[in-house]
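A quick write-up on the structure given underneath.
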Amino acid sequence: MSQDIAKISANYKHRFNVNDPYFDESPAEELSLIIVIPSYKEPDISYTLSSLSQCIAPKGMVELIVVINAPENASSDVLEMNRHTISQIRSREKQLVENRISLKLIQEENLPKKFAGAGLARKIGMDEALQRWTLAKKDGPIVCLDADCTVSKDYLIAAEKAFSNPLTKLAHYQFKHLFLQEKDENLINGIVQYELHLRYHIQGLKWAGYPNAMHTVGSCMAVRASAYAKSGGMNRRKAGEDFYFMHKLLPVCQFTYLPAFVYPSCRSSDRVPFGTGRAQLEFLDAGAQVRNTYHPETYASLKQFFELVPSLYHTDEGLEELPDHLHKFLLEQGFENRLKDIISQSKTANIFAKNFWQWMDGFMVLKMTHFLRDNSYPEIPIDMACNFLLRKLEESYPPLSLTELLERYQQFDFRDYSRGLTTNDT
């Protein structure tokens, strides 16, 4: 195993832009987890660190890599806030050590303006985690967290247990916004609807038959070091880096749900172009009371297409029965030629299925979803959409309120997490 991770890591460093190691001391022999937290203009990381220090201690040791980052043109106010963050981190270091967590602090506050953002900061930390595992001669997990989150007490032991199974390559924690702790009614209203939108979309894709319909929340991801390196590592996107990273690995990695919780912040933020904080900011600025989301008929159209996939290895006859809007999208994507290529590269129906869903990845499904939204099924208020889909997922309910809907859709997701591994044995 140690020889494997050394070769895989060396190949990754040869192919991609990787910084030299920031730390050269040997990791503890009992190292079992490395957690990476990017931190930029963070007002109060102490809640996150306190939460980690109160977790049930794992059997092994944990390294916590915090990447204090800023672009080359950062204002003095941003840099001063980063100094405050470092002070908070140092004040919590003793508590962390007492819970078997050793701190590694990286400062990169002159990042190229073109690339500076969430993706690059995660990449710096995750690349360092890969190099730490290589130095430890182990193929262990790299766990992602954000500087505005708290975690449940079983957070550490859940990841340690899951990755003790060598087949586990990729994982995702449960998440939940603790909106009842908020005092601002507008923030509460916004985050209830935002989380509901995320869960509604995943359940819609599951109902439609998309095999890789998983949440991709950056603060909830975990990946084995070898899988990280083989996939080409983290991208440098300023936002949405988590979505692209997860969907790059989902078709080719065995995935597991982690039963512990991450509790992301409900706050608004201008630090990234999109995501939770930006969604909250735009919702508050618009003064709206109800968000719109994808029309449920979008998922019905996707279901028509996805149900054809198993038969496409043998015949494409069913494609002509698809509605015109799907035909138009597939034509724009050069689907006919792409399908021929996938079939020619697949010796069996099972290999065809793996190759097809690797092409029909999360990004392609999102493009199809947006095409249907823009050309056939305009968005509708989220409560209408969620109540409609709910009747597809189970027996009819009287219309539920937003908070009732969120609770119901949370139950769907938590049920999926309780089932454990998702089949993907590559």
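Going through the structure tokens in order, the chains are called A, B, and so on, while each chain numbers its residues from 1 and the ligands are numbered from 1 in the order shown.
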
Q: From a DSSP calculation on the backbone, collect every residue of range 14-229 of chain A in alpha helix (DSSP H) and output the set as a VMD selection string.
A: chain A and resid 14 to 15 46 to 53 76 to 98 118 to 136 155 to 162 185 to 208 225 to 229

Saved selection, atoms kept: C-alpha atoms, as a PDB file, in the first residue's frame:
ATOM      1  CA  HIS A  14       4.495  15.148 -12.118  1.00  0.00           C
ATOM      2  CA  ARG A  15       1.263  15.821 -14.023  1.00  0.00           C
ATOM      3  CA  SER A  46     -13.601  29.439  16.774  1.00  0.00           C
ATOM      4  CA  TYR A  47     -17.033  27.781  16.574  1.00  0.00           C
ATOM      5  CA  THR A  48     -15.718  25.250  14.045  1.00  0.00           C
ATOM      6  CA  LEU A  49     -12.579  24.495  16.064  1.00  0.00           C
ATOM      7  CA  SER A  50     -14.512  24.217  19.322  1.00  0.00           C
ATOM      8  CA  SER A  51     -16.925  21.811  17.661  1.00  0.00           C
ATOM      9  CA  LEU A  52     -14.042  19.593  16.477  1.00  0.00           C
ATOM     10  CA  SER A  53     -12.446  19.633  19.911  1.00  0.00           C
ATOM     11  CA  SER A  76      -5.940  45.544   4.471  1.00  0.00           C
ATOM     12  CA  ASP A  77      -9.304  44.776   6.089  1.00  0.00           C
ATOM     13  CA  VAL A  78      -9.260  41.253   4.660  1.00  0.00           C
ATOM     14  CA  LEU A  79      -5.701  40.658   5.799  1.00  0.00           C
ATOM     15  CA  GLU A  80      -6.530  41.985   9.243  1.00  0.00           C
ATOM     16  CA  MET A  81      -9.473  39.592   9.447  1.00  0.00           C
ATOM     17  CA  ASN A  82      -7.133  36.749   8.500  1.00  0.00           C
ATOM     18  CA  ARG A  83      -4.796  37.813  11.349  1.00  0.00           C
ATOM     19  CA  HIS A  84      -7.779  37.610  13.678  1.00  0.00           C
ATOM     20  CA  THR A  85      -8.525  34.112  12.365  1.00  0.00           C
ATOM     21  CA  ILE A  86      -4.968  32.967  13.047  1.00  0.00           C
ATOM     22  CA  SER A  87      -5.222  34.324  16.593  1.00  0.00           C
ATOM     23  CA  GLN A  88      -8.447  32.371  17.132  1.00  0.00           C
ATOM     24  CA  ILE A  89      -6.833  29.205  15.777  1.00  0.00           C
ATOM     25  CA  ARG A  90      -3.844  29.517  18.093  1.00  0.00           C
ATOM     26  CA  SER A  91      -6.115  30.067  21.079  1.00  0.00           C
ATOM     27  CA  ARG A  92      -7.912  26.768  20.352  1.00  0.00           C
ATOM     28  CA  GLU A  93      -4.822  24.690  19.620  1.00  0.00           C
ATOM     29  CA  LYS A  94      -4.536  23.210  23.116  1.00  0.00           C
ATOM     30  CA  GLN A  95      -8.168  22.017  23.033  1.00  0.00           C
ATOM     31  CA  LEU A  96      -7.580  20.378  19.670  1.00  0.00           C
ATOM     32  CA  VAL A  97      -4.446  18.583  20.841  1.00  0.00           C
ATOM     33  CA  GLU A  98      -6.323  17.242  23.843  1.00  0.00           C
ATOM     34  CA  ALA A 118     -12.520  28.289  -2.796  1.00  0.00           C
ATOM     35  CA  GLY A 119     -11.207  25.757  -5.300  1.00  0.00           C
ATOM     36  CA  LEU A 120      -7.576  26.831  -5.165  1.00  0.00           C
ATOM     37  CA  ALA A 121      -7.617  27.068  -1.362  1.00  0.00           C
ATOM     38  CA  ARG A 122      -9.071  23.545  -1.105  1.00  0.00           C
ATOM     39  CA  LYS A 123      -6.526  22.291  -3.626  1.00  0.00           C
ATOM     40  CA  ILE A 124      -3.604  23.703  -1.644  1.00  0.00           C
ATOM     41  CA  GLY A 125      -4.834  21.983   1.511  1.00  0.00           C
ATOM     42  CA  MET A 126      -5.807  18.718  -0.140  1.00  0.00           C
ATOM     43  CA  ASP A 127      -2.528  18.524  -2.069  1.00  0.00           C
ATOM     44  CA  GLU A 128      -0.699  18.966   1.224  1.00  0.00           C
ATOM     45  CA  ALA A 129      -2.867  16.253   2.792  1.00  0.00           C
ATOM     46  CA  LEU A 130      -1.901  13.908  -0.069  1.00  0.00           C
ATOM     47  CA  GLN A 131       1.759  14.634   0.607  1.00  0.00           C
ATOM     48  CA  ARG A 132       1.250  14.033   4.331  1.00  0.00           C
ATOM     49  CA  TRP A 133      -0.319  10.640   3.626  1.00  0.00           C
ATOM     50  CA  THR A 134       2.544   9.848   1.266  1.00  0.00           C
ATOM     51  CA  LEU A 135       5.040  10.703   4.006  1.00  0.00           C
ATOM     52  CA  ALA A 136       3.057   8.503   6.404  1.00  0.00           C
ATOM     53  CA  TYR A 155     -17.963  13.405  13.049  1.00  0.00           C
ATOM     54  CA  LEU A 156     -14.435  12.025  13.486  1.00  0.00           C
ATOM     55  CA  ILE A 157     -15.288   8.436  14.329  1.00  0.00           C
ATOM     56  CA  ALA A 158     -17.761   8.173  11.419  1.00  0.00           C
ATOM     57  CA  ALA A 159     -15.058   8.954   8.848  1.00  0.00           C
ATOM     58  CA  GLU A 160     -12.461   6.825  10.613  1.00  0.00           C
ATOM     59  CA  LYS A 161     -14.791   3.816  10.587  1.00  0.00           C
ATOM     60  CA  ALA A 162     -15.933   4.274   6.971  1.00  0.00           C
ATOM     61  CA  GLU A 185     -36.496  35.715  10.170  1.00  0.00           C
ATOM     62  CA  ASN A 186     -35.314  36.570   6.655  1.00  0.00           C
ATOM     63  CA  LEU A 187     -32.223  34.391   7.040  1.00  0.00           C
ATOM     64  CA  ILE A 188     -34.407  31.584   8.356  1.00  0.00           C
ATOM     65  CA  ASN A 189     -36.834  31.859   5.463  1.00  0.00           C
ATOM     66  CA  GLY A 190     -33.992  31.987   2.956  1.00  0.00           C
ATOM     67  CA  ILE A 191     -32.043  29.013   4.270  1.00  0.00           C
ATOM     68  CA  VAL A 192     -35.124  26.801   4.683  1.00  0.00           C
ATOM     69  CA  GLN A 193     -35.915  27.319   1.021  1.00  0.00           C
ATOM     70  CA  TYR A 194     -32.316  26.982  -0.128  1.00  0.00           C
ATOM     71  CA  GLU A 195     -31.792  23.676   1.675  1.00  0.00           C
ATOM     72  CA  LEU A 196     -35.183  22.511   0.445  1.00  0.00           C
ATOM     73  CA  HIS A 197     -34.146  23.335  -3.122  1.00  0.00           C
ATOM     74  CA  LEU A 198     -30.978  21.233  -2.750  1.00  0.00           C
ATOM     75  CA  ARG A 199     -32.853  18.248  -1.353  1.00  0.00           C
ATOM     76  CA  TYR A 200     -35.751  18.549  -3.795  1.00  0.00           C
ATOM     77  CA  HIS A 201     -33.363  18.508  -6.747  1.00  0.00           C
ATOM     78  CA  ILE A 202     -31.519  15.403  -5.523  1.00  0.00           C
ATOM     79  CA  GLN A 203     -34.775  13.553  -4.838  1.00  0.00           C
ATOM     80  CA  GLY A 204     -36.067  14.585  -8.244  1.00  0.00           C
ATOM     81  CA  LEU A 205     -32.967  13.155  -9.913  1.00  0.00           C
ATOM     82  CA  LYS A 206     -33.216   9.955  -7.856  1.00  0.00           C
ATOM     83  CA  TRP A 207     -36.860   9.552  -8.872  1.00  0.00           C
ATOM     84  CA  ALA A 208     -35.839  10.135 -12.499  1.00  0.00           C
ATOM     85  CA  ALA A 225      -5.772  10.009  -0.979  1.00  0.00           C
ATOM     86  CA  SER A 226      -5.165   7.630  -3.906  1.00  0.00           C
ATOM     87  CA  ALA A 227      -8.578   8.393  -5.428  1.00  0.00           C
ATOM     88  CA  TYR A 228      -7.900  12.109  -5.035  1.00  0.00           C
ATOM     89  CA  ALA A 229      -4.604  11.837  -6.888  1.00  0.00           C
TER      90      ALA A 229
END

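Among the candidates A:His247, A:Lys59, A:Arg100, A:Arg291, the one nearest to Leu366 in chain A when counting only C-alpha atoms is A:His247.
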
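For the set A:Thr369, A:Thr315, A:Gln107, A:Ser102, the residue with the smallest atom-to-atom gap to Leu64 in chain A is A:Ser102, counting only C-alpha atoms.
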
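Proximity ranking of A:Asp4, A:Asp146, A:Glu317, A:Glu108 relative to Val36 in chain A places A:Asp146 first, based on only C-alpha atoms.
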
Q: Determine which residues of range 156-257 of chain A DSSP labels as strand (DSSP E or B) from the backbone of this structure, then write them out as a list in words.
A: Leu170, Ala171, His172, Tyr173, Gln174, Phe175, Met221, Ala222, Val223, Arg224, Phe255, Thr256 and Tyr257 of chain A

Suppose we keep N, CA and C atoms; can you now write the selection as a PDB file, in the first residue's frame?
ATOM      1  N   LEU A 170     -14.780   7.389  -1.681  1.00  0.00           N
ATOM      2  CA  LEU A 170     -15.414   8.701  -1.687  1.00  0.00           C
ATOM      3  C   LEU A 170     -16.586   8.671  -0.717  1.00  0.00           C
ATOM      4  N   ALA A 171     -16.795   9.773   0.001  1.00  0.00           N
ATOM      5  CA  ALA A 171     -17.874   9.789   0.992  1.00  0.00           C
ATOM      6  C   ALA A 171     -18.421  11.198   1.147  1.00  0.00           C
ATOM      7  N   HIS A 172     -19.576  11.275   1.789  1.00  0.00           N
ATOM      8  CA  HIS A 172     -20.232  12.568   2.004  1.00  0.00           C
ATOM      9  C   HIS A 172     -21.018  12.495   3.305  1.00  0.00           C
ATOM     10  N   TYR A 173     -20.805  13.484   4.175  1.00  0.00           N
ATOM     11  CA  TYR A 173     -21.545  13.570   5.430  1.00  0.00           C
ATOM     12  C   TYR A 173     -22.980  14.028   5.189  1.00  0.00           C
ATOM     13  N   GLN A 174     -23.831  13.761   6.143  1.00  0.00           N
ATOM     14  CA  GLN A 174     -25.140  14.404   6.181  1.00  0.00           C
ATOM     15  C   GLN A 174     -24.934  15.887   6.501  1.00  0.00           C
ATOM     16  N   PHE A 175     -25.879  16.706   6.093  1.00  0.00           N
ATOM     17  CA  PHE A 175     -25.787  18.123   6.432  1.00  0.00           C
ATOM     18  C   PHE A 175     -27.161  18.641   6.838  1.00  0.00           C
ATOM     19  N   MET A 221     -17.482  16.669   2.081  1.00  0.00           N
ATOM     20  CA  MET A 221     -16.807  15.688   1.241  1.00  0.00           C
ATOM     21  C   MET A 221     -15.659  15.003   1.977  1.00  0.00           C
ATOM     22  N   ALA A 222     -15.409  13.762   1.590  1.00  0.00           N
ATOM     23  CA  ALA A 222     -14.223  13.037   2.058  1.00  0.00           C
ATOM     24  C   ALA A 222     -13.782  12.097   0.947  1.00  0.00           C
ATOM     25  N   VAL A 223     -12.473  11.979   0.735  1.00  0.00           N
ATOM     26  CA  VAL A 223     -11.960  11.179  -0.374  1.00  0.00           C
ATOM     27  C   VAL A 223     -10.657  10.508   0.052  1.00  0.00           C
ATOM     28  N   ARG A 224     -10.454   9.282  -0.407  1.00  0.00           N
ATOM     29  CA  ARG A 224      -9.199   8.595  -0.111  1.00  0.00           C
ATOM     30  C   ARG A 224      -8.073   9.236  -0.931  1.00  0.00           C
ATOM     31  N   PHE A 255     -18.646   4.719  -3.285  1.00  0.00           N
ATOM     32  CA  PHE A 255     -19.093   5.856  -2.488  1.00  0.00           C
ATOM     33  C   PHE A 255     -19.850   5.374  -1.262  1.00  0.00           C
ATOM     34  N   THR A 256     -19.691   6.079  -0.162  1.00  0.00           N
ATOM     35  CA  THR A 256     -20.468   5.772   1.026  1.00  0.00           C
ATOM     36  C   THR A 256     -21.004   7.052   1.654  1.00  0.00           C
ATOM     37  N   TYR A 257     -22.180   6.944   2.245  1.00  0.00           N
ATOM     38  CA  TYR A 257     -22.717   8.034   3.049  1.00  0.00           C
ATOM     39  C   TYR A 257     -22.132   7.935   4.460  1.00  0.00           C
TER      40      TYR A 257
END

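Comparing the minimum interatomic distances between Lys303 in chain A and each of A:Leu330, A:Met234, A:Val143, A:Leu322, counting only C-alpha atoms, we find that A:Leu322 sits nearest.
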
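In this comparison, which uses only C-alpha atoms, the residue of A:Ala147, A:Met384, A:Ile34, A:Cys55 approaching Ala260 in chain A most closely is A:Cys55.
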
(Q) Quick one: residues within 9 Å of Glu72 in chain A, only C-alpha atoms, excluding same-chain residues fewer than 5 positions away - as a PyMOL selection string? (A) chain A and resi 109-113+116

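Of note, CA of Ile351 in chain A and CA of Lys230 in chain A are spaced 20.0 Å apart.
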
Q: Please provide as JSON, numbers by chain all residues within 12 Å of Asp374 in chain A, with the sequence filter that same-chain residues fewer than 4 positions apart are discarded (counting only C-alpha atoms).
A: {"A": [294, 295, 298, 325, 329, 367, 368, 369, 370, 378, 379]}
